[in-house]
file query37.cif (mmCIF, C-alpha atoms)
data_start
loop_
_atom_site.group_PDB
_atom_site.id
_atom_site.type_symbol
_atom_site.label_atom_id
_atom_site.label_comp_id
_atom_site.auth_asym_id
_atom_site.auth_seq_id
_atom_site.Cartn_x
_atom_site.Cartn_y
_atom_site.Cartn_z
ATOM 1 C CA MET A 1 -138.588 90.496 -24.710
ATOM 2 C CA ILE A 2 -135.372 91.589 -26.338
ATOM 3 C CA PHE A 3 -132.784 88.878 -26.462
ATOM 4 C CA ILE A 4 -129.045 89.449 -26.456
ATOM 5 C CA SER A 5 -127.008 86.633 -27.929
ATOM 6 C CA ASP A 6 -123.470 85.742 -26.957
ATOM 7 C CA ALA A 7 -121.285 82.698 -27.278
ATOM 8 C CA GLN A 8 -122.942 81.081 -24.249
ATOM 9 C CA GLY A 9 -126.541 81.620 -25.367
ATOM 10 C CA LEU A 10 -129.190 84.227 -24.700
ATOM 11 C CA ILE A 11 -129.366 86.977 -22.116
ATOM 12 C CA ILE A 12 -132.954 88.053 -21.379
ATOM 13 C CA CYS A 13 -133.723 91.249 -19.525
ATOM 14 C CA ALA A 14 -137.478 91.471 -18.911
ATOM 15 C CA GLY A 15 -138.503 93.417 -21.984
ATOM 16 C CA ILE A 16 -135.366 95.565 -22.016
ATOM 17 C CA TRP A 17 -132.257 94.794 -24.004
ATOM 18 C CA SER A 18 -129.012 94.728 -22.082
ATOM 19 C CA PRO A 19 -125.727 94.399 -24.006
ATOM 20 C CA LEU A 20 -123.523 93.436 -21.059
ATOM 21 C CA GLU A 21 -121.901 90.329 -22.460
ATOM 22 C CA ALA A 22 -123.306 90.503 -25.942
ATOM 23 C CA THR A 23 -121.366 90.239 -29.152
ATOM 24 C CA ILE A 24 -124.451 90.126 -31.371
ATOM 25 C CA TRP A 25 -128.114 90.534 -30.601
ATOM 26 C CA ARG A 26 -131.448 89.921 -32.235
ATOM 27 C CA ARG A 27 -134.808 91.508 -31.584
ATOM 28 C CA ASP A 28 -137.768 89.422 -30.436
ATOM 29 C CA ASP A 29 -139.644 92.434 -29.094
ATOM 30 C CA ASP A 30 -139.040 96.137 -29.310
ATOM 31 C CA GLY A 31 -138.413 97.609 -25.900
ATOM 32 C CA ALA A 32 -139.912 98.478 -22.540
ATOM 33 C CA ASP A 33 -143.565 99.448 -22.946
ATOM 34 C CA LEU A 34 -144.208 102.760 -21.186
ATOM 35 C CA SER A 35 -147.988 102.450 -21.504
ATOM 36 C CA ASN A 36 -148.144 101.592 -17.809
ATOM 37 C CA ALA A 37 -145.907 104.445 -16.656
ATOM 38 C CA THR A 38 -148.940 106.464 -15.572
ATOM 39 C CA SER A 39 -151.330 103.569 -14.949
ATOM 40 C CA LYS A 40 -153.748 103.974 -12.039
ATOM 41 C CA ASP A 41 -152.783 100.452 -10.982
ATOM 42 C CA PRO A 42 -149.697 100.720 -8.722
ATOM 43 C CA ALA A 43 -148.857 97.063 -9.354
ATOM 44 C CA LEU A 44 -148.419 97.757 -13.091
ATOM 45 C CA ARG A 45 -146.225 100.781 -12.384
ATOM 46 C CA ARG A 46 -144.087 98.745 -9.995
ATOM 47 C CA ALA A 47 -143.741 95.912 -12.508
ATOM 48 C CA LEU A 48 -142.478 98.366 -15.124
ATOM 49 C CA ALA A 49 -140.109 99.938 -12.580
ATOM 50 C CA ALA A 50 -138.738 96.481 -11.724
ATOM 51 C CA ASP A 51 -137.964 95.850 -15.398
ATOM 52 C CA ILE A 52 -136.209 99.209 -15.623
ATOM 53 C CA ARG A 53 -134.202 98.463 -12.484
ATOM 54 C CA ASN A 54 -132.919 95.252 -14.091
ATOM 55 C CA ALA A 55 -131.430 97.295 -16.918
ATOM 56 C CA CYS A 56 -130.170 100.085 -14.654
ATOM 57 C CA VAL A 57 -128.133 97.815 -12.369
ATOM 58 C CA THR A 58 -126.578 95.867 -15.235
ATOM 59 C CA VAL A 59 -125.856 98.188 -18.135
ATOM 60 C CA GLY A 60 -127.895 101.410 -17.898
ATOM 61 C CA PHE A 61 -129.154 101.285 -21.511
ATOM 62 C CA PHE A 62 -132.554 100.200 -22.829
ATOM 63 C CA TYR A 63 -135.163 100.881 -25.511
ATOM 64 C CA VAL A 64 -138.642 102.209 -24.755
ATOM 65 C CA LYS A 65 -141.811 102.110 -26.862
ATOM 66 C CA ASN A 66 -145.211 103.798 -26.512
ATOM 67 C CA HIS A 67 -143.263 106.784 -25.237
ATOM 68 C CA GLY A 68 -145.880 109.387 -26.123
ATOM 69 C CA ILE A 69 -143.922 111.570 -28.559
ATOM 70 C CA PRO A 70 -145.900 111.630 -31.834
ATOM 71 C CA GLU A 71 -144.067 110.660 -35.012
ATOM 72 C CA GLU A 72 -145.115 113.948 -36.614
ATOM 73 C CA VAL A 73 -143.443 115.923 -33.819
ATOM 74 C CA ILE A 74 -140.242 113.921 -34.274
ATOM 75 C CA ASN A 75 -140.248 114.338 -38.057
ATOM 76 C CA LYS A 76 -140.723 118.110 -37.854
ATOM 77 C CA ALA A 77 -137.840 118.459 -35.388
ATOM 78 C CA VAL A 78 -135.598 116.375 -37.641
ATOM 79 C CA GLY A 79 -136.602 118.539 -40.599
ATOM 80 C CA ALA A 80 -135.634 121.663 -38.657
ATOM 81 C CA ALA A 81 -132.266 120.085 -37.882
ATOM 82 C CA GLU A 82 -131.661 119.202 -41.518
ATOM 83 C CA ARG A 83 -132.427 122.752 -42.625
ATOM 84 C CA PHE A 84 -130.281 124.346 -39.958
ATOM 85 C CA PHE A 85 -127.195 122.225 -40.533
ATOM 86 C CA SER A 86 -127.402 122.806 -44.293
ATOM 87 C CA ILE A 87 -126.946 126.592 -44.049
ATOM 88 C CA PRO A 88 -123.480 128.190 -44.405
ATOM 89 C CA ILE A 89 -121.129 127.876 -41.460
ATOM 90 C CA GLU A 90 -120.939 131.674 -41.156
ATOM 91 C CA ALA A 91 -124.661 131.840 -40.358
ATOM 92 C CA LYS A 92 -124.455 128.984 -37.892
ATOM 93 C CA MET A 93 -121.515 130.540 -36.089
ATOM 94 C CA LYS A 94 -123.638 133.589 -35.274
ATOM 95 C CA LEU A 95 -125.214 131.251 -32.717
ATOM 96 C CA ASP A 96 -121.881 129.982 -31.373
ATOM 97 C CA ILE A 97 -122.306 128.142 -28.078
ATOM 98 C CA HIS A 98 -119.348 130.042 -26.611
ATOM 99 C CA ALA A 99 -121.336 133.282 -26.841
ATOM 100 C CA SER A 100 -123.964 131.797 -24.524
ATOM 101 C CA PRO A 101 -123.652 132.049 -20.732
ATOM 102 C CA ASN A 102 -125.322 128.641 -20.301
ATOM 103 C CA PHE A 103 -123.901 126.417 -23.071
ATOM 104 C CA LYS A 104 -126.770 126.824 -25.544
ATOM 105 C CA GLY A 105 -126.378 127.326 -29.279
ATOM 106 C CA TYR A 106 -124.262 125.939 -32.113
ATOM 107 C CA THR A 107 -121.160 123.739 -31.856
ATOM 108 C CA ALA A 108 -119.091 123.273 -35.017
ATOM 109 C CA LEU A 109 -117.390 120.091 -36.185
ATOM 110 C CA LEU A 110 -114.609 119.108 -33.759
ATOM 111 C CA GLY A 111 -115.830 121.889 -31.440
ATOM 112 C CA GLU A 112 -116.238 119.586 -28.442
ATOM 113 C CA ASN A 113 -114.133 116.766 -27.172
ATOM 114 C CA VAL A 114 -115.525 114.190 -24.760
ATOM 115 C CA ASN A 115 -112.326 112.153 -24.902
ATOM 116 C CA LEU A 116 -109.082 114.060 -24.411
ATOM 117 C CA ASN A 117 -107.212 111.429 -26.446
ATOM 118 C CA ASN A 118 -109.057 112.682 -29.530
ATOM 119 C CA LYS A 119 -108.698 115.872 -31.549
ATOM 120 C CA GLY A 120 -112.416 116.560 -31.291
ATOM 121 C CA ASP A 121 -115.768 114.949 -31.958
ATOM 122 C CA LEU A 122 -116.876 114.615 -35.568
ATOM 123 C CA HIS A 123 -120.339 116.079 -35.300
ATOM 124 C CA GLU A 124 -122.002 119.471 -35.212
ATOM 125 C CA ALA A 125 -124.730 120.286 -32.743
ATOM 126 C CA PHE A 126 -127.313 122.798 -31.620
ATOM 127 C CA ASP A 127 -128.366 122.865 -27.947
ATOM 128 C CA VAL A 128 -131.657 124.201 -26.595
ATOM 129 C CA GLY A 129 -132.839 124.364 -22.990
ATOM 130 C CA TRP A 130 -135.385 126.104 -20.827
ATOM 131 C CA GLU A 131 -132.931 129.001 -20.436
ATOM 132 C CA SER A 132 -132.922 129.557 -24.236
ATOM 133 C CA GLU A 133 -134.937 132.178 -26.026
ATOM 134 C CA ARG A 134 -138.233 130.551 -26.967
ATOM 135 C CA THR A 135 -138.781 132.632 -30.098
ATOM 136 C CA VAL A 136 -136.370 132.898 -33.039
ATOM 137 C CA TYR A 137 -132.674 132.379 -32.563
ATOM 138 C CA SER A 138 -131.308 134.937 -34.999
ATOM 139 C CA SER A 139 -132.514 137.815 -37.108
ATOM 140 C CA ASP A 140 -131.430 136.163 -40.367
ATOM 141 C CA GLY A 141 -133.582 133.092 -39.765
ATOM 142 C CA ALA A 142 -130.663 130.767 -39.061
ATOM 143 C CA MET A 143 -132.841 128.531 -36.896
ATOM 144 C CA VAL A 144 -135.783 128.163 -39.268
ATOM 145 C CA GLY A 145 -138.272 125.758 -37.733
ATOM 146 C CA SER A 146 -137.311 126.570 -34.162
ATOM 147 C CA ASN A 147 -140.933 126.170 -33.035
ATOM 148 C CA ASP A 148 -140.786 122.569 -34.244
ATOM 149 C CA VAL A 149 -137.709 122.000 -32.103
ATOM 150 C CA LEU A 150 -139.393 123.537 -29.075
ATOM 151 C CA THR A 151 -142.461 121.367 -29.612
ATOM 152 C CA TYR A 152 -140.226 118.312 -29.550
ATOM 153 C CA TYR A 153 -138.422 119.677 -26.491
ATOM 154 C CA ASP A 154 -141.670 120.107 -24.586
ATOM 155 C CA ALA A 155 -142.856 116.593 -25.512
ATOM 156 C CA ALA A 156 -139.532 115.038 -24.526
ATOM 157 C CA VAL A 157 -139.545 116.922 -21.212
ATOM 158 C CA ARG A 158 -143.010 115.559 -20.445
ATOM 159 C CA LEU A 159 -141.703 112.073 -21.171
ATOM 160 C CA GLY A 160 -138.685 112.663 -18.952
ATOM 161 C CA LEU A 161 -140.828 113.878 -16.071
ATOM 162 C CA SER A 162 -142.952 110.728 -16.339
ATOM 163 C CA LEU A 163 -139.822 108.575 -15.950
ATOM 164 C CA PHE A 164 -138.682 109.990 -12.606
ATOM 165 C CA PRO A 165 -141.414 108.203 -10.593
ATOM 166 C CA LEU A 166 -140.350 104.929 -12.225
ATOM 167 C CA PHE A 167 -136.721 105.491 -11.235
ATOM 168 C CA ALA A 168 -137.883 106.270 -7.700
ATOM 169 C CA LEU A 169 -139.823 103.007 -7.543
ATOM 170 C CA ALA A 170 -136.835 101.176 -9.044
ATOM 171 C CA LEU A 171 -134.784 102.469 -6.104
ATOM 172 C CA ASP A 172 -137.486 101.516 -3.576
ATOM 173 C CA LEU A 173 -138.092 105.187 -2.822
ATOM 174 C CA PRO A 174 -141.406 107.043 -2.574
ATOM 175 C CA GLU A 175 -142.839 107.550 -6.037
ATOM 176 C CA ASP A 176 -142.679 111.343 -5.657
ATOM 177 C CA PHE A 177 -139.074 111.387 -4.396
ATOM 178 C CA PHE A 178 -137.800 113.381 -7.383
ATOM 179 C CA ALA A 179 -140.823 115.706 -7.682
ATOM 180 C CA ASP A 180 -139.260 118.623 -5.788
ATOM 181 C CA LYS A 181 -135.926 118.096 -7.550
ATOM 182 C CA VAL A 182 -137.126 118.650 -11.129
ATOM 183 C CA THR A 183 -138.953 121.978 -10.868
ATOM 184 C CA LYS A 184 -136.703 123.944 -13.265
ATOM 185 C CA GLN A 185 -136.590 121.443 -16.150
ATOM 186 C CA ALA A 186 -132.811 121.062 -16.165
ATOM 187 C CA ALA A 187 -133.122 119.462 -19.569
ATOM 188 C CA ILE A 188 -131.199 120.142 -22.770
ATOM 189 C CA VAL A 189 -132.302 118.943 -26.188
ATOM 190 C CA ARG A 190 -129.533 118.627 -28.750
ATOM 191 C CA LEU A 191 -129.813 118.448 -32.514
ATOM 192 C CA LEU A 192 -126.892 116.426 -33.856
ATOM 193 C CA HIS A 193 -125.515 115.982 -37.358
ATOM 194 C CA TYR A 194 -122.796 113.402 -38.030
ATOM 195 C CA PRO A 195 -121.094 113.484 -41.435
ATOM 196 C CA PRO A 196 -119.731 110.189 -42.781
ATOM 197 C CA GLN A 197 -116.674 109.203 -40.750
ATOM 198 C CA PRO A 198 -113.586 107.882 -42.530
ATOM 199 C CA ARG A 199 -112.234 106.847 -39.156
ATOM 200 C CA THR A 200 -113.358 106.665 -35.544
ATOM 201 C CA THR A 201 -113.007 110.161 -34.109
ATOM 202 C CA ASN A 202 -115.848 110.331 -31.599
ATOM 203 C CA GLY A 203 -114.603 109.197 -28.229
ATOM 204 C CA GLY A 204 -116.694 107.271 -25.761
ATOM 205 C CA SER A 205 -118.530 109.288 -23.124
ATOM 206 C CA ARG A 206 -121.096 109.106 -20.362
ATOM 207 C CA GLY A 207 -124.075 111.388 -19.948
ATOM 208 C CA TYR A 208 -123.635 114.150 -17.381
ATOM 209 C CA GLU A 209 -127.267 114.282 -16.261
ATOM 210 C CA CYS A 210 -129.662 111.699 -14.776
ATOM 211 C CA PHE A 211 -130.565 110.131 -18.102
ATOM 212 C CA THR A 212 -130.705 110.717 -21.848
ATOM 213 C CA VAL A 213 -133.723 110.105 -24.068
ATOM 214 C CA LEU A 214 -132.419 109.530 -27.609
ATOM 215 C CA TRP A 215 -134.113 109.504 -30.983
ATOM 216 C CA GLN A 216 -131.792 108.019 -33.599
ATOM 217 C CA GLN A 217 -132.187 107.857 -37.371
ATOM 218 C CA GLU A 218 -133.526 104.448 -38.351
ATOM 219 C CA ASP A 219 -131.610 103.954 -41.614
ATOM 220 C CA THR A 220 -128.241 105.172 -40.324
ATOM 221 C CA PRO A 221 -126.971 103.009 -37.440
ATOM 222 C CA ALA A 222 -124.088 104.475 -35.474
ATOM 223 C CA LEU A 223 -124.721 104.154 -31.731
ATOM 224 C CA GLN A 224 -122.416 101.800 -29.820
ATOM 225 C CA VAL A 225 -122.319 100.821 -26.141
ATOM 226 C CA MET A 226 -119.265 99.519 -24.298
ATOM 227 C CA ASN A 227 -119.877 96.216 -22.510
ATOM 228 C CA THR A 228 -118.190 94.976 -19.356
ATOM 229 C CA ASP A 229 -115.365 93.429 -21.388
ATOM 230 C CA GLY A 230 -114.528 96.807 -22.929
ATOM 231 C CA LYS A 231 -115.965 95.830 -26.331
ATOM 232 C CA TRP A 232 -118.175 98.085 -28.416
ATOM 233 C CA ILE A 233 -121.669 96.696 -29.086
ATOM 234 C CA ASP A 234 -123.915 98.102 -31.826
ATOM 235 C CA ALA A 235 -127.234 99.496 -30.573
ATOM 236 C CA ILE A 236 -129.098 99.507 -33.863
ATOM 237 C CA PRO A 237 -132.207 101.655 -34.265
ATOM 238 C CA ILE A 238 -135.568 99.942 -33.673
ATOM 239 C CA PRO A 239 -138.519 101.666 -35.399
ATOM 240 C CA GLY A 240 -140.969 103.310 -33.031
ATOM 241 C CA THR A 241 -138.623 103.310 -30.049
ATOM 242 C CA LEU A 242 -136.343 105.688 -28.218
ATOM 243 C CA VAL A 243 -133.135 104.726 -26.467
ATOM 244 C CA LEU A 244 -132.792 105.614 -22.807
ATOM 245 C CA ASN A 245 -129.404 105.602 -21.106
ATOM 246 C CA LEU A 246 -128.483 106.559 -17.587
ATOM 247 C CA GLY A 247 -126.057 109.372 -16.842
ATOM 248 C CA ASP A 248 -123.608 110.358 -14.156
ATOM 249 C CA GLN A 249 -126.084 112.082 -11.824
ATOM 250 C CA LEU A 250 -128.001 108.866 -11.146
ATOM 251 C CA ALA A 251 -124.744 106.910 -10.959
ATOM 252 C CA ARG A 252 -123.364 109.323 -8.356
ATOM 253 C CA TRP A 253 -126.649 109.398 -6.450
ATOM 254 C CA THR A 254 -126.754 105.593 -6.294
ATOM 255 C CA ASN A 255 -123.003 105.180 -5.734
ATOM 256 C CA ASP A 256 -122.822 103.234 -9.020
ATOM 257 C CA VAL A 257 -125.647 100.844 -8.161
ATOM 258 C CA PHE A 258 -127.208 102.278 -11.318
ATOM 259 C CA LYS A 259 -124.743 102.283 -14.210
ATOM 260 C CA SER A 260 -123.673 105.214 -16.354
ATOM 261 C CA THR A 261 -122.346 103.378 -19.395
ATOM 262 C CA VAL A 262 -119.795 104.572 -21.937
ATOM 263 C CA HIS A 263 -121.224 104.997 -25.430
ATOM 264 C CA ARG A 264 -120.325 106.656 -28.719
ATOM 265 C CA ALA A 265 -121.589 107.238 -32.273
ATOM 266 C CA VAL A 266 -119.532 105.960 -35.208
ATOM 267 C CA ASN A 267 -121.094 106.793 -38.570
ATOM 268 C CA ARG A 268 -119.575 104.476 -41.173
ATOM 269 C CA THR A 269 -122.673 104.408 -43.395
ATOM 270 C CA GLY A 270 -121.267 106.784 -46.006
ATOM 271 C CA LYS A 271 -124.068 109.323 -45.505
ATOM 272 C CA GLY A 272 -125.035 111.972 -42.997
ATOM 273 C CA ARG A 273 -126.782 110.966 -39.782
ATOM 274 C CA TYR A 274 -129.101 112.893 -37.471
ATOM 275 C CA SER A 275 -130.040 112.197 -33.875
ATOM 276 C CA ILE A 276 -131.815 114.102 -31.103
ATOM 277 C CA PRO A 277 -130.897 113.391 -27.494
ATOM 278 C CA LEU A 278 -132.607 115.038 -24.538
ATOM 279 C CA PHE A 279 -130.301 115.226 -21.510
ATOM 280 C CA PHE A 280 -132.447 115.364 -18.379
ATOM 281 C CA GLY A 281 -130.966 116.306 -15.022
ATOM 282 C CA VAL A 282 -132.295 117.512 -11.724
ATOM 283 C CA ASP A 283 -132.398 121.167 -10.666
ATOM 284 C CA TYR A 284 -128.929 122.668 -10.482
ATOM 285 C CA ASN A 285 -129.132 123.342 -6.741
ATOM 286 C CA VAL A 286 -129.884 119.693 -5.837
ATOM 287 C CA ILE A 287 -127.125 117.995 -3.843
ATOM 288 C CA LEU A 288 -125.873 114.729 -5.323
ATOM 289 C CA GLU A 289 -125.174 112.614 -2.265
ATOM 290 C CA PRO A 290 -125.594 108.844 -1.938
ATOM 291 C CA LEU A 291 -129.143 107.647 -1.462
ATOM 292 C CA PRO A 292 -130.039 105.509 1.558
ATOM 293 C CA GLY A 293 -128.819 101.953 1.178
ATOM 294 C CA CYS A 294 -126.405 102.719 -1.672
ATOM 295 C CA VAL A 295 -123.336 102.983 0.589
ATOM 296 C CA THR A 296 -122.330 99.777 2.355
ATOM 297 C CA PRO A 297 -119.099 98.248 3.700
ATOM 298 C CA ASP A 298 -118.800 96.401 0.395
ATOM 299 C CA ASN A 299 -119.649 99.500 -1.644
ATOM 300 C CA PRO A 300 -118.160 102.553 0.124
ATOM 301 C CA ALA A 301 -118.880 106.086 -1.085
ATOM 302 C CA LYS A 302 -117.076 106.754 -4.375
ATOM 303 C CA TYR A 303 -117.824 110.369 -5.202
ATOM 304 C CA GLU A 304 -117.375 113.822 -3.767
ATOM 305 C CA VAL A 305 -120.696 115.406 -2.804
ATOM 306 C CA VAL A 306 -121.512 118.267 -5.191
ATOM 307 C CA THR A 307 -124.594 119.994 -6.529
ATOM 308 C CA ALA A 308 -125.984 118.915 -9.869
ATOM 309 C CA GLY A 309 -125.189 122.314 -11.355
ATOM 310 C CA GLU A 310 -121.570 122.251 -10.194
ATOM 311 C CA TYR A 311 -121.076 118.830 -11.705
ATOM 312 C CA VAL A 312 -122.680 119.571 -15.070
ATOM 313 C CA LYS A 313 -120.865 122.902 -15.404
ATOM 314 C CA SER A 314 -117.485 121.279 -14.691
ATOM 315 C CA ARG A 315 -118.095 118.588 -17.319
ATOM 316 C CA LEU A 316 -119.300 121.066 -19.961
ATOM 317 C CA GLU A 317 -116.335 123.370 -19.371
ATOM 318 C CA ALA A 318 -113.956 120.449 -19.885
ATOM 319 C CA THR A 319 -115.826 119.297 -23.001
ATOM 320 C CA TYR A 320 -115.675 122.672 -24.756
ATOM 321 C CA ALA A 321 -112.280 123.832 -23.475
ATOM 322 C CA GLN A 322 -110.383 123.061 -26.676
ATOM 323 C CA SER A 323 -112.651 125.159 -28.902
ATOM 324 C CA ARG A 324 -112.978 128.174 -26.651
ATOM 325 C CA VAL A 325 -111.285 131.186 -28.251
#

call {"tool": "encode", "arguments": {"input": "query37.cif", "output": "structure tokens"}}
result
Amino acid sequence: MIFISDAQGLIICAGIWSPLEATIWRRDDDGADLSNATSKDPALRRALAADIRNACVTVGFFYVKNHGIPEEVINKAVGAAERFFSIPIEAKMKLDIHASPNFKGYTALLGENVNLNNKGDLHEAFDVGWESERTVYSSDGAMVGSNDVLTYYDAAVRLGLSLFPLFALALDLPEDFFADKVTKQAAIVRLLHYPPQPRTTNGGSRGYECFTVLWQQEDTPALQVMNTDGKWIDAIPIPGTLVLNLGDQLARWTNDVFKSTVHRAVNRTGKGRYSIPLFFGVDYNVILEPLPGCVTPDNPAKYEVVTAGEYVKSRLEATYAQSRV
């Protein structure tokens, strides 16, 4: 179990931490064990899905362990990120995300803005997806180690695909409900570098896709989650785990039965920080309309029906609007 402590005692969420009312938390275990995600025993898969549902309907954030991405694959991808972000800005800008027709490539410091009350987000990023070139990214070797990034991407996509049956079970849907909706791997892996922050400049945001699978640097805590009281709760790194948070697509699909929770990264450690999120959505032509049972007299439909692609494109255009030349 992971226990969340608040002034009234302990909140326990079946092997998954849930910072709804927490002000501090301590670890008694280290996350949801995904060993049973592909078990031949349907009872074990359903038990895991029930644990995940508990987190999804309360806060939409949890840790997972035994996720199947080897440590060596993670370390090589992080090394590629470190090398890329250390090269001169002129070389990185040759891969400017604004030159891409599908929002892939490099984003400079303050180049995106998830909160319009801010001047920009204090990180730089490099985005890769299935639409990206799967060879080298520039003739001058700006993305040295790109194969290591693609290896991580492929491993994270496999993990993401294994999670969709669990979300289906958590929603009491057929286990293969999402199978025909994730045929194009609408997944983006992002290398992120956060310099030390003298002040809070990264605004809170929600994921645009179904969910995010996040690797975060163990010795540089920065991730925070907003609880139901509007307070920021630290989500410190736990060795050997990944963080999984729900995004807007699942929230829209479930009419907010599953939560898409506001989060941010605030790096006050005095040193640089790296993280690698994988944003996993459904195929862009899939219609996001409320699932059966998610609209009731007490919970009427909240969102306009759109395709996944229309929604993600609208959010990305708004995010990068301030840095578009």

call {"tool": "closest_residue", "arguments": {"input": "query37.cif", "among": "A:Glu72, A:Asp172, A:Glu90, A:Glu209", "to": "Phe280 of chain A", "atoms": "all atoms listed in the file"}}
result
A:Glu209

call {"tool": "closest_residue", "arguments": {"input": "query37.cif", "among": "A:Val57, A:Val64, A:Leu192, A:Val257", "to": "Thr241 of chain A", "atoms": "all atoms listed in the file"}}
result
A:Val64

call {"tool": "closest_residue", "arguments": {"input": "query37.cif", "among": "A:Thr220, A:Asn227, A:Thr183, A:Asn54", "to": "Leu171 of chain A", "atoms": "all atoms listed in the file"}}
result
A:Asn54

call {"tool": "resolve_selection", "arguments": {"input": "query37.cif", "expression": "the PyMOL selection byres ((chain A and resi 275) around 7)", "output": "ChimeraX atom specification"}}
result
/A:191-193,215-217,273-274,276-277

call {"tool": "atom_distance", "arguments": {"input": "query37.cif", "atom1": "atom CA of His123 of chain A", "atom2": "atom CA of Tyr194 of chain A"}}
result
4.5 Å

call {"tool": "closest_residue", "arguments": {"input": "query37.cif", "among": "A:Phe279, A:Tyr208, A:Tyr152, A:Trp253", "to": "Val73 of chain A", "atoms": "all atoms listed in the file"}}
result
A:Tyr152

call {"tool": "closest_residue", "arguments": {"input": "query37.cif", "among": "A:Glu289, A:Leu34, A:Trp130, A:Lys271", "to": "Ser162 of chain A", "atoms": "only C-alpha atoms"}}
result
A:Leu34

call {"tool": "atom_distance", "arguments": {"input": "query37.cif", "atom1": "atom CA of Asn147 of chain A", "atom2": "atom CA of Gly272 of chain A"}}
result
23.5 Å

call {"tool": "resolve_selection", "arguments": {"input": "query37.cif", "expression": "the PyMOL selection byres ((chain A and resi 286) around 6)", "output": "list of chain:residue names"}}
result
A:Asp283, A:Tyr284, A:Asn285, A:Ile287, A:Thr307, A:Ala308

call {"tool": "atom_distance", "arguments": {"input": "query37.cif", "atom1": "atom CA of His263 of chain A", "atom2": "atom CA of Ser205 of chain A"}}
result
5.6 Å

call {"tool": "closest_residue", "arguments": {"input": "query37.cif", "among": "A:Ala32, A:Ile52, A:Cys294, A:Ala318", "to": "His67 of chain A", "atoms": "only C-alpha atoms"}}
result
A:Ala32

call {"tool": "decode", "arguments": {"input": "query37.cif", "residues": "segment 78-89 of chain A", "atoms": "N, CA, C and O atoms", "output": "PDB file, in the first residue's frame"}}
result
ATOM      1  N   VAL A  78      17.751   8.927 -21.175  1.00  0.00           N
ATOM      2  CA  VAL A  78      18.119  10.105 -20.382  1.00  0.00           C
ATOM      3  C   VAL A  78      19.466  10.645 -20.843  1.00  0.00           C
ATOM      4  O   VAL A  78      19.657  11.864 -20.962  1.00  0.00           O
ATOM      5  N   GLY A  79      20.408   9.755 -21.120  1.00  0.00           N
ATOM      6  CA  GLY A  79      21.710  10.194 -21.623  1.00  0.00           C
ATOM      7  C   GLY A  79      21.588  10.940 -22.940  1.00  0.00           C
ATOM      8  O   GLY A  79      22.262  11.961 -23.154  1.00  0.00           O
ATOM      9  N   ALA A  80      20.722  10.457 -23.834  1.00  0.00           N
ATOM     10  CA  ALA A  80      20.498  11.164 -25.095  1.00  0.00           C
ATOM     11  C   ALA A  80      19.917  12.545 -24.844  1.00  0.00           C
ATOM     12  O   ALA A  80      20.280  13.523 -25.512  1.00  0.00           O
ATOM     13  N   ALA A  81      19.011  12.651 -23.884  1.00  0.00           N
ATOM     14  CA  ALA A  81      18.432  13.953 -23.549  1.00  0.00           C
ATOM     15  C   ALA A  81      19.492  14.897 -23.009  1.00  0.00           C
ATOM     16  O   ALA A  81      19.551  16.080 -23.394  1.00  0.00           O
ATOM     17  N   GLU A  82      20.332  14.408 -22.122  1.00  0.00           N
ATOM     18  CA  GLU A  82      21.383  15.253 -21.556  1.00  0.00           C
ATOM     19  C   GLU A  82      22.315  15.778 -22.635  1.00  0.00           C
ATOM     20  O   GLU A  82      22.692  16.960 -22.633  1.00  0.00           O
ATOM     21  N   ARG A  83      22.679  14.913 -23.579  1.00  0.00           N
ATOM     22  CA  ARG A  83      23.576  15.353 -24.654  1.00  0.00           C
ATOM     23  C   ARG A  83      22.893  16.370 -25.553  1.00  0.00           C
ATOM     24  O   ARG A  83      23.495  17.384 -25.939  1.00  0.00           O
ATOM     25  N   PHE A  84      21.642  16.120 -25.890  1.00  0.00           N
ATOM     26  CA  PHE A  84      20.957  17.033 -26.794  1.00  0.00           C
ATOM     27  C   PHE A  84      20.789  18.410 -26.177  1.00  0.00           C
ATOM     28  O   PHE A  84      21.084  19.436 -26.811  1.00  0.00           O
ATOM     29  N   PHE A  85      20.333  18.478 -24.949  1.00  0.00           N
ATOM     30  CA  PHE A  85      20.068  19.785 -24.346  1.00  0.00           C
ATOM     31  C   PHE A  85      21.344  20.562 -24.014  1.00  0.00           C
ATOM     32  O   PHE A  85      21.282  21.759 -23.738  1.00  0.00           O
ATOM     33  N   SER A  86      22.485  19.890 -24.055  1.00  0.00           N
ATOM     34  CA  SER A  86      23.751  20.572 -23.774  1.00  0.00           C
ATOM     35  C   SER A  86      24.360  21.240 -24.998  1.00  0.00           C
ATOM     36  O   SER A  86      25.314  22.016 -24.869  1.00  0.00           O
ATOM     37  N   ILE A  87      23.844  20.970 -26.200  1.00  0.00           N
ATOM     38  CA  ILE A  87      24.426  21.561 -27.403  1.00  0.00           C
ATOM     39  C   ILE A  87      23.956  23.011 -27.547  1.00  0.00           C
ATOM     40  O   ILE A  87      22.986  23.433 -26.911  1.00  0.00           O
ATOM     41  N   PRO A  88      24.615  23.804 -28.371  1.00  0.00           N
ATOM     42  CA  PRO A  88      24.237  25.223 -28.519  1.00  0.00           C
ATOM     43  C   PRO A  88      22.794  25.387 -28.998  1.00  0.00           C
ATOM     44  O   PRO A  88      22.276  24.561 -29.756  1.00  0.00           O
ATOM     45  N   ILE A  89      22.180  26.460 -28.575  1.00  0.00           N
ATOM     46  CA  ILE A  89      20.789  26.726 -28.916  1.00  0.00           C
ATOM     47  C   ILE A  89      20.597  26.812 -30.429  1.00  0.00           C
ATOM     48  O   ILE A  89      19.547  26.409 -30.956  1.00  0.00           O
TER      49      ILE A  89
END
